[in-house]
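Peer 1: Structure below; questions to follow.
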Amino acid sequence: MGDAVGDSKVDFGALAVLQKWPSLANQRRPDREPYRVIEGTLDDCISAFMQKPPTTRHLYEIRTAAQPPLVTEILSPEHVIELSRLREFL
């Protein structure tokens with residue numbers, strides 16, 4: 001994300017959905033679809049995600065409108081954690 005951070009603004013008020021993948025033995029079930037946990041702003045979804053235990057965060061993803069170059073339509077757990085760290089700077 002290097003140089004893109006300085007030039008980019010992220011709309012944390014954009015609509016977003018935090019979704020959880022069904023799991024078995026703490027692993028995603030690829031034969032199932034993720035379900036909605038919370039619908040709100042990107043900021044709401046990031047906050048809800050960060051409250052989840054670190055050992056289960058890999059089961060979650062956030063879906064929102066893309067905001068290139070920093071925000072993609074589907075945000076992986078690693079991406080959400082990075083955006084959480086950068087929130088105050090963006």
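By order in the structure tokens, chains are A, B, ...; within a chain, residues start at 1; ligands start at 1, following the order shown.
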Name all residues at most 6 Å from Leu15 in chain A (count only C-alpha atoms; drop same-chain ones fewer than 5 positions away) and give them as a PyMOL selection string.
Peer 2: chain A and resi 40-42
Peer 1: Given the selection you just returned, output its residues as a file containing all heavy atoms, formatted as an mmCIF file, in the first residue's frame.
Peer 2:
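Writing done, so here's out05.cif:
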```
data_model
loop_
_atom_site.group_PDB
_atom_site.id
_atom_site.type_symbol
_atom_site.label_atom_id
_atom_site.label_comp_id
_atom_site.auth_asym_id
_atom_site.auth_seq_id
_atom_site.Cartn_x
_atom_site.Cartn_y
_atom_site.Cartn_z
ATOM 1 N N GLY A 40 -23.727 -2.053 7.451
ATOM 2 C CA GLY A 40 -23.620 -0.669 7.908
ATOM 3 C C GLY A 40 -22.581 0.050 7.082
ATOM 4 O O GLY A 40 -22.449 -0.186 5.885
ATOM 5 N N THR A 41 -21.806 0.888 7.736
ATOM 6 C CA THR A 41 -20.737 1.600 7.041
ATOM 7 C C THR A 41 -19.471 0.747 7.055
ATOM 8 O O THR A 41 -19.349 -0.210 7.832
ATOM 9 C CB THR A 41 -20.434 2.944 7.718
ATOM 10 O OG1 THR A 41 -19.926 2.694 9.036
ATOM 11 C CG2 THR A 41 -21.664 3.833 7.783
ATOM 12 N N LEU A 42 -18.538 1.112 6.217
ATOM 13 C CA LEU A 42 -17.247 0.435 6.212
ATOM 14 C C LEU A 42 -16.606 0.536 7.594
ATOM 15 O O LEU A 42 -16.054 -0.439 8.109
ATOM 16 C CB LEU A 42 -16.343 1.035 5.129
ATOM 17 C CG LEU A 42 -14.958 0.439 4.972
ATOM 18 C CD1 LEU A 42 -15.023 -1.065 4.703
ATOM 19 C CD2 LEU A 42 -14.204 1.160 3.853
#
```
Peer 1: For Tyr60 in chain A, list every protein, DNA or RNA residue within 6 Å, evaluated using only C-alpha atoms, and leave out those in the same chain fewer than 2 positions away; present the list as number ranges by chain.
Peer 2: A: 19-20, 57-58
Peer 1: Find the residues around range 26-35 of chain A up to 12 Å (only C-alpha atoms counted), leave out those fewer than 4 positions away in its own chain, and share them as a list in words.
Peer 2: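 Close residues of range 26-35 of chain A: Val17, Leu18, Gln19, Lys20, Trp21, Pro22, Glu39, Pro53, Pro54, Thr55, Thr56, Arg57, His58, Leu59, Tyr60, Glu61, Ile62 and Arg63 of chain A.
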Peer 1: Using only C-alpha atoms, which of A:Ala25, A:Val10, A:Leu83, A:Ile74 sits nearest Ile46 in chain A?
Peer 2: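 Smallest separation from Ile46 in chain A among the options: A:Leu83.
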Peer 1: Give me the residues within 8 Å of Ala65 in chain A as a list in words, counting only C-alpha atoms and dropping any in the same chain fewer than 4 places off.
Peer 2: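 So, after excluding close chain neighbours, the residues are Ala14, Leu15, Ala16, Val71, Thr72 and Glu73 of chain A.
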Peer 1: Going by DSSP on the backbone, which residues of chain A come out as strand (DSSP E)? List them as a PyMOL selection string.
Peer 2: chain A and resi 15-20+23-24+27-28+35-41+60-64+74-75
Peer 1: Need the shell around Ile81 in chain A: protein/DNA/RNA residues with any atom at most 9 Å away, counting only C-alpha atoms. Skip same-chain ones fewer than 4 positions apart. Format as number ranges by chain?
Peer 2: A: 46, 49-50, 76-77, 85-86
Peer 1: Include C-alpha atoms and write out the residues we just selected as a short mmCIF file (atom, residue, chain, number, x, y, z; two decimals), in the first residue's frame.
Peer 2:
```
data_model
loop_
_atom_site.label_atom_id
_atom_site.label_comp_id
_atom_site.auth_asym_id
_atom_site.auth_seq_id
_atom_site.Cartn_x
_atom_site.Cartn_y
_atom_site.Cartn_z
CA ILE A 46 -14.13 -2.78 10.38
CA PHE A 49 -14.41 -7.31 12.57
CA MET A 50 -11.69 -6.09 14.93
CA SER A 76 -9.67 -10.09 3.18
CA PRO A 77 -8.95 -10.26 6.92
CA ARG A 85 -4.39 0.57 11.34
CA LEU A 86 -4.50 3.27 8.65
#
```
Peer 1: Per DSSP on the backbone, filter chain A down to the residues in alpha helix (DSSP H) and report them as a list in words.
Peer 2: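 Restricting chain A to alpha helix (DSSP H) produces Ala4, Val5, Gly6, Asp7, Leu42, Asp43, Asp44, Cys45, Ile46, Ser47, Ala48, Phe49, Met50, Pro77, Glu78, His79, Val80, Ile81, Glu82, Leu83, Ser84, Arg85 and Leu86 of chain A.
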